[in-house]
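Student: Input: one structure, supplied below.
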Number of protein chains: 2
Amino acid sequence: MEFRKLIEENSNEAWVKYLPNLSIDCVVFGFHDAVLKVLLIKIKEEKLWGLPGGYVLKTENLNEAASRILLERTGAANIYLQQFRVFSDLNRSEGFFENFDDAIWNKQRFLSIGFYALVDYSQVNLIVDEISDACEWTAIDELPKLMMDHGTIFEKALVALRKQLNYKPIGYNLLPEKFTMPELQKLYEIILGKKLNRGNFYRKMLRYDILIKLNEIRKGGAHKAPDLYQFDIEKYHLALKNGFNEGW
Amino acid sequence: MEFRKLIEENSNEAWVKYLPNLSIDCVVFGFHDAVLKVLLIKIKEEKLWGLPGGYVLKTENLNEAASRILLERTGAANIYLQQFRVFSDLNRSEGFFENFDDAIWNKQRFLSIGFYALVDYSQVNLIVDEISDACEWTAIDELPKLMMDHGTIFEKALVALRKQLNYKPIGYNLLPEKFTMPELQKLYEIILGKKLNRGNFYRKMLRYDILIKLNEIRKGGAHKAPDLYQFDIEKYHLALKNGFNEGW
């Protein structure tokens with residue numbers, strides 16, 4: 001169906017179902033072949049890329065709403081989700097719906113609650129819905145111009161994710177079950193956008209006490225085969241809940 | 001005026017002026033005589049204590065709304081404010097307005113955006129408004145039971161403030177212009193709820209490079225007079241903007 005017609009037809013139902021003036025935008029990070037990627041959608045006809053998002057049902061809290069939005073878009077349940085900021089500028093939609101009737105749902109002022117999510121790349125089935133004609137992973141250093149304030153939302157999500165590295169574990173939803181220390185370090189380096197000292201990384205990571213060293217090595221490489229690790233799930237989740245005892 | 005009558009009379013105007021279903025609650029921290037305190041208000045007749053809060057004008061962004069709410073309550077402008085979380089549980093108001101008509105503004109579902117603020121205790125003039133009959137500073141370890149989910153909002157604000165200690169400076173709005181290193185350490189200890197090692201504190205704080213050591217000492221004490229410091233405002237604000245280069 002044509003984009004305009006779809007927006008107009010869904011408007012009445014939206015007014016009934018959702019909390020007004022509130023939206024959710026999700027910055028979904030995935031890690032694949034040593035590249036950090038973000039999930040983008042392309043709005044039909046508009047030729048504009050943006051973040052996947054949606055609205056909050058009158059019967060939902062925010063975590064439920066964000067989980068449902070991502071489930072509809074990726075087919076993945078139990079995604080690690082974190083709200084990080086509300087975006088409330090008056091002009092944030094930049095007249096995106098200016099040619100529509102003033103009573104149309106989408107034309108209202110929306111404050112958008114930003115969530116970031118970390119997903120297992122391999123468990124995701126991207127789903128194109130009726131207002132989008134593409135849903136794709138894009139490397140974070142190759143992002144196109146994003147619609148509205150979605151570029152800002154992405155940047156703030158990356159800052160929030162970087163902060164999280166200092167007080168919570170990361171990697172369980174981004175790496176395969178078994179991984180090497182260089183692979184884990186690479187993930188941190190890509191999120192942080194800088195190189196880390198190998199020895200310091202190794203020591204600090206072991207101090208977090210969330211890894212199990214396996215009696216296995218990665219086979220098939222030309223060089224010395226590196227040790228394999230996996231996360232100690234119990235300790236990992238405890239640290240996710242309570243935070244590392246670092247800093248002050 | 002009676003509480004019920006006030007709520008009912010203000011309802012129509014609220015529907016016109018404010019964004020529906022959204023409120024702001026502020027956890028305002030002040031530091032005085034080595035005690036960390038929080039600003040509480042008491043709702044008229046209800047005999048319940050809560051956090052100062054308000055609604056978002058249709059013409060405001062969230063920072064403007066929070067600043068206005070605090071200005072109305074404390075008379076203080078340019079307060080350091082930080083949004084930290086949205087509280088969205090369906091039952092968060094616990095039937096607070098259950099005896100009111102369903103169309104009344106205050107009886108709607110509200111998602112509340114939590115801000116914490118750090119204020120200069122001496123620059124504040126607490127103001128009782130028409131729905132409250134007290135507005136007071138209370139030590140954080142002597143808080144009464146708070147209404148609705150305000151106890152949770154306070155706890156999450158304290159967690160957010162503790163996290164901020166690891167990547168941003170703190171103290172400018174809480175300490176007098178000139179202070180001693182033990183006074184600064186005491187502020188950190190009270191926020192963190194634990195003792196810190198004196199030498200480590202001193203080294204880490206100097207590494208942040210935000211302090212100026214003055215050629216003055218505190219006079220009048222019986223013991224060795226301690227050195228006085230003040231914040232290097234330029235470096236302090238730069239660190240507030242960019243964060244410390246600590247952690248990973």
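Letters A, B, ... go to the chains of the structure tokens in the order shown; residues in each chain start at 1; ligands are counted from 1 in the same order.
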Give the residues of chain A that lie within 7 Å of chain B; count only C-alpha atoms, and format the answer as a compact mmCIF listing (two decimals) with C-alpha atoms, in the first residue's frame.
Tutor:
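Saved result, selection14.txt, follows:
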```
# COMPACT_ATOMS: atom_id res chain seq x y z
CA ASN A 61 5.72 -0.49 30.34
CA LEU A 62 8.70 0.73 28.33
CA SER A 88 12.65 15.75 23.34
CA ASP A 89 13.62 18.59 21.01
CA LEU A 90 10.59 20.41 19.65
CA ASN A 166 33.36 0.45 32.47
CA GLY A 247 36.26 2.89 39.82
CA TRP A 248 35.67 4.64 43.11
```
Student: Would you mind listing what lies within 9 Å of Asp209 of chain B as number ranges by chain, with only C-alpha atoms counted and same-chain residues fewer than 2 positions away left out?
Tutor: B: 205-207, 211-212, 232, 235-236
Student: Okay, now the selection with N, CA and C atoms, as a PDB file, in the first residue's frame?
Tutor:
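Everything below was put into selection_3.pdb:
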```
ATOM      1  N   MET B 205      42.351  12.086  42.314  1.00  0.00           N
ATOM      2  CA  MET B 205      41.741  13.400  42.140  1.00  0.00           C
ATOM      3  C   MET B 205      42.694  14.360  41.426  1.00  0.00           C
ATOM      4  N   LEU B 206      43.991  14.305  41.791  1.00  0.00           N
ATOM      5  CA  LEU B 206      44.957  15.180  41.112  1.00  0.00           C
ATOM      6  C   LEU B 206      45.121  14.778  39.643  1.00  0.00           C
ATOM      7  N   ARG B 207      45.017  13.481  39.368  1.00  0.00           N
ATOM      8  CA  ARG B 207      45.143  13.000  37.991  1.00  0.00           C
ATOM      9  C   ARG B 207      44.008  13.543  37.117  1.00  0.00           C
ATOM     10  N   LEU B 211      41.653  20.586  39.664  1.00  0.00           N
ATOM     11  CA  LEU B 211      41.772  21.365  40.896  1.00  0.00           C
ATOM     12  C   LEU B 211      42.889  22.390  40.813  1.00  0.00           C
ATOM     13  N   ILE B 212      42.705  23.502  41.471  1.00  0.00           N
ATOM     14  CA  ILE B 212      43.763  24.493  41.644  1.00  0.00           C
ATOM     15  C   ILE B 212      44.083  24.562  43.133  1.00  0.00           C
ATOM     16  N   ASP B 232      39.214  24.321  38.928  1.00  0.00           N
ATOM     17  CA  ASP B 232      39.571  25.045  37.711  1.00  0.00           C
ATOM     18  C   ASP B 232      38.335  24.967  36.803  1.00  0.00           C
ATOM     19  N   LYS B 235      38.547  23.699  33.119  1.00  0.00           N
ATOM     20  CA  LYS B 235      38.826  22.265  33.002  1.00  0.00           C
ATOM     21  C   LYS B 235      37.670  21.422  33.546  1.00  0.00           C
ATOM     22  N   TYR B 236      37.053  21.943  34.611  1.00  0.00           N
ATOM     23  CA  TYR B 236      35.919  21.238  35.208  1.00  0.00           C
ATOM     24  C   TYR B 236      34.799  21.084  34.180  1.00  0.00           C
TER      25      TYR B 236
END
```
Student: Find the residues around Phe29 of chain B up to 12 Å (only C-alpha atoms counted), leave out those fewer than 4 positions away in its own chain, and share them as a compact mmCIF listing (two decimals) with N, CA and C atoms, in the first residue's frame.
Tutor:
```txt
# COMPACT_ATOMS: atom_id res chain seq x y z
N VAL B 35 26.67 16.49 55.28
CA VAL B 35 25.52 15.58 55.13
C VAL B 35 24.93 15.77 53.73
N LEU B 36 24.70 14.64 53.04
CA LEU B 36 24.05 14.70 51.72
C LEU B 36 22.54 14.67 51.94
N LYS B 37 21.87 15.68 51.38
CA LYS B 37 20.43 15.79 51.61
C LYS B 37 19.66 15.80 50.30
N VAL B 38 18.39 15.50 50.41
CA VAL B 38 17.52 15.48 49.25
C VAL B 38 16.30 16.35 49.54
N LEU B 39 15.82 17.01 48.50
CA LEU B 39 14.68 17.90 48.66
C LEU B 39 13.37 17.11 48.59
N LEU B 40 12.55 17.23 49.63
CA LEU B 40 11.25 16.55 49.64
C LEU B 40 10.13 17.56 49.83
N LEU B 51 8.89 13.46 45.92
CA LEU B 51 9.88 14.28 45.22
C LEU B 51 9.19 15.44 44.52
N PRO B 52 9.85 16.58 44.41
CA PRO B 52 9.26 17.67 43.64
C PRO B 52 9.17 17.27 42.16
N LEU B 70 12.25 23.17 38.78
CA LEU B 70 13.14 23.42 39.91
C LEU B 70 13.24 24.90 40.25
N ILE B 79 20.80 25.24 37.42
CA ILE B 79 21.08 24.06 38.25
C ILE B 79 21.65 22.96 37.35
N TYR B 80 22.63 22.21 37.88
CA TYR B 80 23.15 21.08 37.13
C TYR B 80 22.14 19.94 37.18
N LEU B 81 21.61 19.59 35.99
CA LEU B 81 20.51 18.63 35.88
C LEU B 81 20.88 17.49 34.96
N GLN B 82 20.45 16.31 35.29
CA GLN B 82 20.78 15.16 34.46
C GLN B 82 19.58 14.22 34.42
N PHE B 115 15.01 13.07 36.80
CA PHE B 115 16.20 13.92 36.71
C PHE B 115 16.85 13.95 38.08
N TYR B 116 18.18 13.98 38.11
CA TYR B 116 18.77 14.37 39.38
C TYR B 116 19.47 15.71 39.20
N ALA B 117 19.55 16.43 40.29
CA ALA B 117 20.10 17.77 40.25
C ALA B 117 21.06 17.93 41.42
N LEU B 118 22.12 18.69 41.19
CA LEU B 118 23.06 19.02 42.26
C LEU B 118 22.97 20.52 42.48
N VAL B 119 22.64 20.93 43.68
CA VAL B 119 22.45 22.36 43.91
C VAL B 119 23.32 22.88 45.05
N ASP B 120 23.59 24.14 44.91
CA ASP B 120 24.32 24.86 45.94
C ASP B 120 23.33 25.16 47.07
N TYR B 121 23.51 24.46 48.15
CA TYR B 121 22.61 24.53 49.29
C TYR B 121 22.31 25.97 49.71
N VAL B 124 19.68 28.36 47.58
CA VAL B 124 18.34 27.86 47.36
C VAL B 124 17.36 28.44 48.37
N GLU B 136 11.28 20.54 52.21
CA GLU B 136 12.40 20.47 53.16
C GLU B 136 13.55 19.62 52.66
N TRP B 137 14.76 19.95 53.16
CA TRP B 137 15.93 19.10 52.95
C TRP B 137 15.92 17.97 53.98
N THR B 138 16.15 16.75 53.50
CA THR B 138 16.20 15.60 54.40
C THR B 138 17.46 14.79 54.12
N ALA B 139 18.17 14.40 55.16
CA ALA B 139 19.37 13.59 54.98
C ALA B 139 19.02 12.28 54.29
N ILE B 140 19.88 11.83 53.35
CA ILE B 140 19.51 10.66 52.56
C ILE B 140 19.39 9.39 53.39
N PHE B 154 14.32 7.73 43.83
CA PHE B 154 15.45 8.23 44.61
C PHE B 154 16.63 7.24 44.55
N ALA B 157 18.38 7.28 41.28
CA ALA B 157 19.12 8.54 41.11
C ALA B 157 20.46 8.46 41.83
N LEU B 158 20.46 7.86 43.01
CA LEU B 158 21.70 7.73 43.76
C LEU B 158 22.68 6.81 43.02
N LEU B 161 24.10 8.82 40.19
CA LEU B 161 25.07 9.78 40.70
C LEU B 161 26.40 9.09 41.02
N ILE B 170 32.48 16.18 39.99
CA ILE B 170 31.35 16.48 40.85
C ILE B 170 31.86 17.40 41.96
N GLY B 171 31.00 18.18 42.52
CA GLY B 171 31.43 18.99 43.66
C GLY B 171 31.20 20.47 43.49
N ASN B 173 28.79 22.26 42.44
CA ASN B 173 27.52 22.78 42.95
C ASN B 173 27.25 22.37 44.39
N LEU B 174 28.15 21.59 44.96
CA LEU B 174 27.88 21.03 46.28
C LEU B 174 28.79 21.59 47.37
N LEU B 175 30.00 21.98 46.99
CA LEU B 175 30.95 22.47 47.97
C LEU B 175 31.07 23.99 47.91
N LEU B 187 32.73 14.24 50.64
CA LEU B 187 31.60 14.29 49.71
C LEU B 187 31.51 12.99 48.91
N ILE B 190 30.38 10.06 51.10
CA ILE B 190 28.95 10.09 51.45
C ILE B 190 28.10 9.66 50.27
N ILE B 191 28.47 10.10 49.07
CA ILE B 191 27.72 9.67 47.89
C ILE B 191 27.89 8.17 47.67
```
Student: Quick one: residues within 7 Å of Gly75 of chain B, only C-alpha atoms counted, chain neighbours fewer than 2 positions away excluded, as number ranges by chain?
Tutor: B: 71-73, 77, 124-125
Student: Run DSSP on the backbone and grab whatever in chain A lands in alpha helix (DSSP H); send it over as a PyMOL selection string.
Tutor: chain A and resi 3-17+62-74+150-164+181-192+198-208+233-242
Student: Find the residue from B:Glu130, B:Cys26, B:Ala103, B:Ala34 that sits nearest to Phe3 of chain B; use only C-alpha atoms when measuring.
Tutor: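 Of B:Glu130, B:Cys26, B:Ala103, B:Ala34, the one nearest Phe3 of chain B is B:Glu130, counting only C-alpha atoms.
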Student: Return as a ChimeraX atom specification the full set of residues in segment 48-221 of chain A whose backbone-based DSSP assignment is strand (DSSP E or B).
Tutor: /A:48-50,53-57,80-87,111-119,132-139,146,179,211-217
Student: Which residue gives the smallest distance to Ala66 of chain B among B:Trp105, B:Ser23, B:Glu94, B:Ile43, with only C-alpha atoms counted?
Tutor: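 That would be B:Ser23, the residue with the smallest distance to Ala66 of chain B.
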Student: Write out as a VMD selection string the residues lying within 10 Å of Met147 of chain A, counting only C-alpha atoms and excluding same-chain residues fewer than 5 positions away.
Tutor: chain A and resid 42 to 43 46 to 51 92 to 94 96
Student: Write a file of the just-selected residues containing all heavy atoms, as a short mmCIF file (atom, residue, chain, number, x, y, z; two decimals), in the first residue's frame.
Tutor:
```cif
data_model
loop_
_atom_site.label_atom_id
_atom_site.label_comp_id
_atom_site.auth_asym_id
_atom_site.auth_seq_id
_atom_site.Cartn_x
_atom_site.Cartn_y
_atom_site.Cartn_z
N LYS A 42 14.61 1.21 5.97
CA LYS A 42 14.37 2.25 4.98
C LYS A 42 12.87 2.43 4.82
O LYS A 42 12.14 1.48 4.58
CB LYS A 42 15.02 1.89 3.64
CG LYS A 42 15.11 3.07 2.71
CD LYS A 42 16.13 2.85 1.60
CE LYS A 42 15.42 2.80 0.26
NZ LYS A 42 15.79 1.65 -0.54
N ILE A 43 12.43 3.68 5.01
CA ILE A 43 11.01 3.99 4.90
C ILE A 43 10.60 3.96 3.43
O ILE A 43 11.27 4.54 2.58
CB ILE A 43 10.72 5.40 5.48
CG1 ILE A 43 11.15 5.48 6.94
CG2 ILE A 43 9.26 5.77 5.32
CD1 ILE A 43 10.30 4.71 7.89
N GLU A 46 10.19 7.11 0.86
CA GLU A 46 10.88 8.28 1.36
C GLU A 46 12.38 8.22 1.07
O GLU A 46 13.09 9.21 1.19
CB GLU A 46 10.66 8.44 2.87
CG GLU A 46 9.23 8.74 3.25
CD GLU A 46 8.80 10.15 2.83
OE1 GLU A 46 9.65 11.04 2.80
OE2 GLU A 46 7.60 10.33 2.54
N LYS A 47 12.86 7.03 0.74
CA LYS A 47 14.30 6.84 0.46
C LYS A 47 15.18 7.27 1.62
O LYS A 47 16.31 7.70 1.43
CB LYS A 47 14.74 7.61 -0.80
CG LYS A 47 13.79 7.50 -1.98
CD LYS A 47 14.06 6.28 -2.82
CE LYS A 47 13.11 6.19 -4.02
NZ LYS A 47 11.87 5.42 -3.73
N LEU A 48 14.62 7.23 2.82
CA LEU A 48 15.39 7.65 3.98
C LEU A 48 15.64 6.49 4.92
O LEU A 48 14.74 5.68 5.15
CB LEU A 48 14.62 8.73 4.75
CG LEU A 48 14.76 10.14 4.23
CD1 LEU A 48 13.80 11.06 4.96
CD2 LEU A 48 16.20 10.64 4.42
N TRP A 49 16.84 6.44 5.44
CA TRP A 49 17.17 5.40 6.42
C TRP A 49 16.93 5.93 7.83
O TRP A 49 17.11 7.10 8.11
CB TRP A 49 18.63 4.99 6.27
CG TRP A 49 18.90 4.23 5.01
CD1 TRP A 49 19.28 4.75 3.82
CD2 TRP A 49 18.78 2.82 4.82
NE1 TRP A 49 19.43 3.75 2.89
CE2 TRP A 49 19.12 2.54 3.49
CE3 TRP A 49 18.42 1.75 5.66
CZ2 TRP A 49 19.11 1.24 2.96
CZ3 TRP A 49 18.42 0.46 5.13
CH2 TRP A 49 18.76 0.22 3.80
N GLY A 50 16.52 5.02 8.70
CA GLY A 50 16.31 5.41 10.09
C GLY A 50 16.45 4.22 11.01
O GLY A 50 16.73 3.10 10.58
N LEU A 51 16.27 4.47 12.31
CA LEU A 51 16.34 3.42 13.31
C LEU A 51 14.97 2.74 13.43
O LEU A 51 13.94 3.40 13.28
CB LEU A 51 16.72 4.01 14.66
CG LEU A 51 18.06 4.73 14.71
CD1 LEU A 51 18.19 5.50 16.02
CD2 LEU A 51 19.21 3.73 14.57
N ARG A 92 12.33 17.85 16.46
CA ARG A 92 13.10 16.66 16.11
C ARG A 92 12.58 15.89 14.90
O ARG A 92 13.32 15.15 14.26
CB ARG A 92 13.31 15.72 17.31
CG ARG A 92 12.11 15.33 18.12
CD ARG A 92 12.51 14.34 19.20
NE ARG A 92 13.06 13.13 18.64
CZ ARG A 92 12.32 12.10 18.20
NH1 ARG A 92 11.01 12.14 18.32
NH2 ARG A 92 12.89 11.06 17.67
N SER A 93 11.29 16.06 14.54
CA SER A 93 10.82 15.32 13.36
C SER A 93 10.99 16.11 12.06
O SER A 93 10.66 15.62 10.99
CB SER A 93 9.37 14.89 13.54
OG SER A 93 8.52 16.00 13.40
N GLU A 94 11.51 17.32 12.18
CA GLU A 94 11.89 18.11 10.99
C GLU A 94 10.82 18.19 9.91
O GLU A 94 11.12 18.07 8.71
CB GLU A 94 13.11 17.46 10.33
CG GLU A 94 14.40 17.64 11.08
CD GLU A 94 15.53 16.85 10.42
OE1 GLU A 94 15.26 16.06 9.49
OE2 GLU A 94 16.68 17.02 10.83
N PHE A 96 8.70 16.06 9.01
CA PHE A 96 8.65 14.81 8.25
C PHE A 96 7.26 14.53 7.70
O PHE A 96 7.10 13.98 6.62
CB PHE A 96 9.10 13.67 9.17
CG PHE A 96 9.57 12.46 8.45
CD1 PHE A 96 10.80 12.43 7.81
CD2 PHE A 96 8.78 11.31 8.41
CE1 PHE A 96 11.23 11.30 7.14
CE2 PHE A 96 9.21 10.17 7.75
CZ PHE A 96 10.43 10.17 7.11
#
```
Student: Quick one: of A:Tyr55, A:Phe179, A:Phe100, A:Phe244, who's nearest to Gln230 of chain A, counting only C-alpha atoms?
Tutor: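 When distances to Gln230 of chain A are compared using only C-alpha atoms, the smallest one comes from A:Phe179.
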Student: Could you please determine the separation between atom CA of Pro169 of chain A and atom CA of Lys241 of chain A in Å, to one decimal place?
Tutor: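 Value for the atom CA of Pro169 of chain A-atom CA of Lys241 of chain A distance: 9.7 Å.
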Student: Got a sec: who's within 8 Å of Tyr172 of chain A, counting only C-alpha atoms, leaving out chain neighbours fewer than 4 positions off, as a ChimeraX atom specification?
Tutor: /A:176-177,231
